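J.: Sharing a structure here in structure tokens format.
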Amino acid sequence: IGLIPLNRQKTTSPYVIDYAMMVIVPLAYLFCYFYINFTHNFSLCYLDDCKSVCSLSTNLFMHLGAFLYMTTALMSLYRRKDFFMQFDDRMLDIDKVIEKCHLVAETDKEKKYAVKHNVAYHFTWLFLFIVFTFALYMDIRALYDAFGNYAFIPFMVSSFPFLAGSIIQGEFIYHVWLISERFEQINKLFEKINQEARHKHAPLTVFDIESEGKKERSSSNGKPAFGSNLNEQKLAEEKKRQKEQNLKQEEEEDSGSSEDEDEEDDFDYDNGTLAENTGNTSEANLPDLFTLHDKILSLSVITNREFGAQCVPYMAACFVVSIFGIFLETKVNFIVSGKSQLLDYMTYLYVIWSFTTMVVAYIVLRLCCNANNHSKQSAMIVHEIMQKKPAFMLSNDLFYNKMKSFTLQFLHWESYFQFNGIGLFALDYTFIFSTVSAATSYLIVLLQFDMSAILRNDGLLS
């Protein structure tokens, strides 16, 4: 459709071929748009049966589509093949590290959740394809009945801009879904470490990395440290708590869980490096997982910079089409339905495209929220691991410092970045609430207009 480079994943393809459609298609659209407006031909608003209300709705739909398509096309000129190649290269590197982490954690046998997610993903795209097909069929059939073989010209200025804008949002949806899926895989690996932490208890003599270590060093000269009675009381309570917890876990564990307790750490606690033996456990993935999380967040920033600007005209067009569609359906079509075929067609066209754009906008908001929630879930799981104080964390403070730095760094990321439309609004569920509030205010004003005199002048109301 002239909004995406043709061979976007090939570095050796000629630039003339890749970007030719990005120039030809917008020029073809501009030709049809100016030809209709200057010659007053091949448009429903210039037919004799299209009166004031029909002409207003047709012109609004055409000019709104021009705003949507031209802003989207101009913003697409800034998108080069570098983004797609950079995105694919980074995603390939991320997948390699994730695959290595899955092999270490031995989670490659658990694929039920991933298959279920892929089915939902393909079902969503199938639903969108059916909705778009129905909308295009309604538009093309009516235009072909009115203009015959020249229906291509009015189609370019009616439904094509909304189709092009929806396809660009589909590209945004696809890239955000890839990011969200990688966050899910990282969370699965974090959760594996969290589950193993329940079976690996901390040493009873260690309570706090930052404070207790200092107390033990202070008492190494032979003198009792300050608060030693308190430590003895805490030691007794810890022994009692862990004894009760061990009894409860022995009742719940199956026959194969006893092997996990005998596993040895592959982390060399003397120099803070991984051992070279083959008995790796899941906590060995922590440094790689922290690095992966930062890489995926950086990829989210790049993706939002490429597609966030094009969300603004699409959301604005969706807002206007939805409001005017409700207005036509309640104040016009409800009163004079069936008396004007062109007016009924424009009303149905507004309703169909308002529903279609709202579905696409909802999927964009939903996937952006999912990606943000999955990134937050990673920090929550890491914080939960820190609260459990597993043995691999307390035996050496390297892991503790990394996890603490990760949770602190994510707080800065959360305040710095969120999927948004160039800073005008956040792409989350709060946008739905603000949009509905604004739409309600406009509809209260529009529904107060008395359309009886206008419909009577058009001959639609006796």
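Naming scheme: A, B, ... for chains in displayed order of the structure tokens; residues 1 onward per chain; ligands 1 onward as shown.
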Residues near range 9-21 of chain A, anyone? I mean within 10 Å using only C-alpha atoms, not counting same-chain ones fewer than 6 positions away, as a VMD selection string.
T.: chain A and resid 1 to 3 27 77 80 to 89
J.: Any chance you could export the current selection's N, CA and C atoms as a compact mmCIF listing (two decimals), in the first residue's frame?
T.:
```txt
# COMPACT_ATOMS: atom_id res chain seq x y z
N ILE A 1 0.83 -1.22 0.00
CA ILE A 1 0.00 0.00 0.00
C ILE A 1 0.86 1.26 0.00
N GLY A 2 2.14 1.13 -0.14
CA GLY A 2 3.00 2.30 -0.24
C GLY A 2 3.36 2.94 1.06
N LEU A 3 3.28 2.23 2.17
CA LEU A 3 3.64 2.79 3.46
C LEU A 3 4.81 2.07 4.11
N LEU A 27 0.96 9.43 -4.60
CA LEU A 27 0.67 10.29 -5.74
C LEU A 27 -0.65 9.89 -6.41
N LEU A 77 7.59 8.14 5.49
CA LEU A 77 8.81 8.46 4.75
C LEU A 77 10.04 8.50 5.65
N ARG A 80 12.77 3.93 7.58
CA ARG A 80 13.66 3.33 6.60
C ARG A 80 13.81 1.85 6.89
N LYS A 81 14.50 1.19 6.01
CA LYS A 81 14.75 -0.23 6.19
C LYS A 81 15.64 -0.51 7.39
N ASP A 82 16.35 0.52 7.85
CA ASP A 82 17.25 0.32 8.99
C ASP A 82 16.48 -0.13 10.22
N PHE A 83 15.28 0.41 10.42
CA PHE A 83 14.51 0.01 11.59
C PHE A 83 14.16 -1.47 11.55
N PHE A 84 13.64 -1.94 10.41
CA PHE A 84 13.22 -3.33 10.32
C PHE A 84 14.42 -4.28 10.44
N MET A 85 15.53 -3.92 9.82
CA MET A 85 16.71 -4.78 9.92
C MET A 85 17.30 -4.74 11.33
N GLN A 86 17.29 -3.56 11.94
CA GLN A 86 17.79 -3.46 13.31
C GLN A 86 16.90 -4.22 14.27
N PHE A 87 15.59 -4.13 14.06
CA PHE A 87 14.66 -4.85 14.93
C PHE A 87 14.85 -6.36 14.80
N ASP A 88 14.98 -6.85 13.57
CA ASP A 88 15.15 -8.29 13.36
C ASP A 88 16.49 -8.78 13.92
N ASP A 89 17.55 -8.00 13.76
CA ASP A 89 18.85 -8.41 14.29
C ASP A 89 18.83 -8.47 15.81
```
J.: Between A:Phe129, A:Phe406, A:Phe431, A:Phe324, which is the closest to Leu64 in chain A once you count only C-alpha atoms?
T.: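 Looking only at the distances to Leu64 in chain A, the closest residue turns out to be A:Phe324.
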J.: By how many Å are CA of Gln418 in chain A and CA of Val301 in chain A apart?
T.: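 We find that CA of Gln418 in chain A and CA of Val301 in chain A lie 8.2 Å from each other.
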J.: What lies within 12 Å of Phe417 in chain A using only C-alpha atoms, ignoring chain neighbours under 5 positions off, as a ChimeraX atom specification?
T.: /A:297-305,368,371-372,375,410-412,422-423,426-427
J.: Please, could you write that set of residues out with N, CA and C atoms as a PDB file, in the first residue's frame?
T.:
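Dumped everything to again-v4.pdb:
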```pdb
ATOM      1  N   LEU A 297      13.527  -3.680  26.635  1.00  0.00           N
ATOM      2  CA  LEU A 297      13.013  -2.339  26.920  1.00  0.00           C
ATOM      3  C   LEU A 297      13.557  -1.319  25.922  1.00  0.00           C
ATOM      4  N   SER A 298      14.814  -1.440  25.566  1.00  0.00           N
ATOM      5  CA  SER A 298      15.381  -0.539  24.551  1.00  0.00           C
ATOM      6  C   SER A 298      14.702  -0.752  23.201  1.00  0.00           C
ATOM      7  N   LEU A 299      14.387  -1.994  22.888  1.00  0.00           N
ATOM      8  CA  LEU A 299      13.671  -2.284  21.646  1.00  0.00           C
ATOM      9  C   LEU A 299      12.261  -1.700  21.672  1.00  0.00           C
ATOM     10  N   SER A 300      11.641  -1.661  22.839  1.00  0.00           N
ATOM     11  CA  SER A 300      10.316  -1.045  22.969  1.00  0.00           C
ATOM     12  C   SER A 300      10.377   0.451  22.692  1.00  0.00           C
ATOM     13  N   VAL A 301      11.444   1.101  23.151  1.00  0.00           N
ATOM     14  CA  VAL A 301      11.594   2.543  22.901  1.00  0.00           C
ATOM     15  C   VAL A 301      11.739   2.809  21.407  1.00  0.00           C
ATOM     16  N   ILE A 302      12.530   1.988  20.716  1.00  0.00           N
ATOM     17  CA  ILE A 302      12.722   2.178  19.281  1.00  0.00           C
ATOM     18  C   ILE A 302      11.410   1.954  18.530  1.00  0.00           C
ATOM     19  N   THR A 303      10.679   0.921  18.896  1.00  0.00           N
ATOM     20  CA  THR A 303       9.410   0.620  18.227  1.00  0.00           C
ATOM     21  C   THR A 303       8.389   1.724  18.447  1.00  0.00           C
ATOM     22  N   ASN A 304       8.317   2.234  19.659  1.00  0.00           N
ATOM     23  CA  ASN A 304       7.366   3.310  19.933  1.00  0.00           C
ATOM     24  C   ASN A 304       7.741   4.585  19.182  1.00  0.00           C
ATOM     25  N   ARG A 305       9.034   4.836  19.020  1.00  0.00           N
ATOM     26  CA  ARG A 305       9.465   6.014  18.268  1.00  0.00           C
ATOM     27  C   ARG A 305       9.096   5.900  16.793  1.00  0.00           C
ATOM     28  N   CYS A 368      -0.151  -3.061  24.103  1.00  0.00           N
ATOM     29  CA  CYS A 368       0.770  -2.151  24.795  1.00  0.00           C
ATOM     30  C   CYS A 368       0.677  -2.326  26.306  1.00  0.00           C
ATOM     31  N   ALA A 371       2.433  -5.618  27.215  1.00  0.00           N
ATOM     32  CA  ALA A 371       3.891  -5.482  27.217  1.00  0.00           C
ATOM     33  C   ALA A 371       4.371  -4.749  28.470  1.00  0.00           C
ATOM     34  N   ASN A 372       3.676  -3.673  28.855  1.00  0.00           N
ATOM     35  CA  ASN A 372       4.065  -2.948  30.071  1.00  0.00           C
ATOM     36  C   ASN A 372       3.884  -3.805  31.319  1.00  0.00           C
ATOM     37  N   SER A 375       6.625  -6.464  31.562  1.00  0.00           N
ATOM     38  CA  SER A 375       7.905  -5.896  32.013  1.00  0.00           C
ATOM     39  C   SER A 375       7.881  -5.601  33.508  1.00  0.00           C
ATOM     40  N   PHE A 410      14.616  -0.620  37.126  1.00  0.00           N
ATOM     41  CA  PHE A 410      13.299  -0.686  36.505  1.00  0.00           C
ATOM     42  C   PHE A 410      12.391   0.440  36.980  1.00  0.00           C
ATOM     43  N   LEU A 411      12.568   0.883  38.216  1.00  0.00           N
ATOM     44  CA  LEU A 411      11.784   2.031  38.685  1.00  0.00           C
ATOM     45  C   LEU A 411      12.066   3.260  37.822  1.00  0.00           C
ATOM     46  N   HIS A 412      13.325   3.448  37.433  1.00  0.00           N
ATOM     47  CA  HIS A 412      13.663   4.568  36.546  1.00  0.00           C
ATOM     48  C   HIS A 412      13.097   4.337  35.144  1.00  0.00           C
ATOM     49  N   ILE A 422       3.560  10.001  20.823  1.00  0.00           N
ATOM     50  CA  ILE A 422       4.489  11.149  20.851  1.00  0.00           C
ATOM     51  C   ILE A 422       4.254  12.045  22.068  1.00  0.00           C
ATOM     52  N   GLY A 423       3.944  11.424  23.194  1.00  0.00           N
ATOM     53  CA  GLY A 423       3.773  12.157  24.437  1.00  0.00           C
ATOM     54  C   GLY A 423       2.409  12.788  24.646  1.00  0.00           C
ATOM     55  N   ALA A 426      -1.018   8.290  26.663  1.00  0.00           N
ATOM     56  CA  ALA A 426      -0.432   6.975  26.905  1.00  0.00           C
ATOM     57  C   ALA A 426      -1.290   5.907  26.245  1.00  0.00           C
ATOM     58  N   LEU A 427      -0.639   4.925  25.670  1.00  0.00           N
ATOM     59  CA  LEU A 427      -1.351   3.834  25.002  1.00  0.00           C
ATOM     60  C   LEU A 427      -1.637   2.736  26.024  1.00  0.00           C
TER      61      LEU A 427
END
```
J.: What are the closest atom pairs, with distances in Å to one decimal, for all residues of range 78-188 of chain A lying within 9 Å of range 39-44 of chain A? Consider only C-alpha atoms, order rows by chain and residue number, and present the result as a tab-separated table.
T.:
```
residue	atom	partner	partner_atom	distance
A:Leu143	CA	A:Leu44	CA	8.5
A:Ala146	CA	A:Leu44	CA	8.2
A:Phe147	CA	A:Phe42	CA	6.7
A:Tyr150	CA	A:Phe42	CA	7.4
A:Ala151	CA	A:Phe42	CA	7.6
A:Ile153	CA	A:Phe42	CA	6.8
A:Pro154	CA	A:Ser43	CA	5.8
```
J.: Those residues with all heavy atoms, as a tab-separated table (two decimals), in the first residue's frame please?
T.:
```tsv
chain	number	residue	atom	x	y	z
A	143	LEU	N	-20.19	1.56	-4.43
A	143	LEU	CA	-19.52	2.42	-5.40
A	143	LEU	C	-19.60	1.87	-6.82
A	143	LEU	O	-19.71	2.63	-7.78
A	143	LEU	CB	-18.06	2.61	-4.98
A	143	LEU	CG	-17.83	3.40	-3.68
A	143	LEU	CD1	-16.34	3.43	-3.35
A	143	LEU	CD2	-18.38	4.81	-3.78
A	146	ALA	N	-22.91	2.67	-8.33
A	146	ALA	CA	-23.09	4.09	-8.65
A	146	ALA	C	-22.19	4.55	-9.81
A	146	ALA	O	-22.63	5.37	-10.64
A	146	ALA	CB	-22.83	4.95	-7.42
A	147	PHE	N	-20.96	4.05	-9.89
A	147	PHE	CA	-20.00	4.57	-10.87
A	147	PHE	C	-19.47	3.52	-11.83
A	147	PHE	O	-18.70	3.87	-12.74
A	147	PHE	CB	-18.83	5.23	-10.14
A	147	PHE	CG	-19.22	6.32	-9.20
A	147	PHE	CD1	-19.25	6.11	-7.84
A	147	PHE	CD2	-19.60	7.56	-9.68
A	147	PHE	CE1	-19.62	7.11	-6.97
A	147	PHE	CE2	-19.97	8.57	-8.82
A	147	PHE	CZ	-19.99	8.35	-7.46
A	150	TYR	N	-15.49	2.97	-12.94
A	150	TYR	CA	-14.73	4.05	-12.33
A	150	TYR	C	-14.85	4.07	-10.80
A	150	TYR	O	-14.52	5.08	-10.16
A	150	TYR	CB	-15.19	5.40	-12.88
A	150	TYR	CG	-14.95	5.56	-14.35
A	150	TYR	CD1	-15.98	5.33	-15.28
A	150	TYR	CD2	-13.70	5.92	-14.85
A	150	TYR	CE1	-15.78	5.47	-16.64
A	150	TYR	CE2	-13.48	6.06	-16.22
A	150	TYR	CZ	-14.52	5.84	-17.11
A	150	TYR	OH	-14.30	5.97	-18.45
A	151	ALA	N	-15.29	2.97	-10.21
A	151	ALA	CA	-15.45	2.92	-8.75
A	151	ALA	C	-14.11	2.99	-8.02
A	151	ALA	O	-14.07	3.29	-6.82
A	151	ALA	CB	-16.18	1.64	-8.36
A	153	ILE	N	-11.83	5.22	-8.37
A	153	ILE	CA	-11.50	6.61	-7.99
A	153	ILE	C	-12.17	7.01	-6.68
A	153	ILE	O	-11.49	7.49	-5.76
A	153	ILE	CB	-11.88	7.56	-9.14
A	153	ILE	CG1	-11.04	7.23	-10.39
A	153	ILE	CG2	-11.66	9.01	-8.73
A	153	ILE	CD1	-11.39	8.08	-11.59
A	154	PRO	N	-13.48	6.84	-6.51
A	154	PRO	CA	-14.06	7.19	-5.20
A	154	PRO	C	-13.61	6.26	-4.07
A	154	PRO	O	-13.59	6.67	-2.90
A	154	PRO	CB	-15.57	7.08	-5.44
A	154	PRO	CG	-15.72	6.18	-6.60
A	154	PRO	CD	-14.53	6.43	-7.47
```
J.: In Å, how far is it from CA of Gly325 in chain A to CA of Tyr350 in chain A?
T.: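 Taking CA of Gly325 in chain A and CA of Tyr350 in chain A, their separation equals 4.9 Å.
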J.: Would you pick out the contacts of Glu171 in chain A at 12 Å or less, using only C-alpha atoms, so that residues sharing its chain but fewer than 3 positions from it are not included, and give the list as a ChimeraX atom specification?
T.: /A:3-4,76,84,125,164-168,174-178,303-304,306-308,310-311,360,363-364
J.: Any idea what the distance is between CA of Ile444 in chain A and CA of Asn333 in chain A?
T.: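 Computing the Euclidean distance for CA of Ile444 in chain A and CA of Asn333 in chain A yields 17.9 Å.
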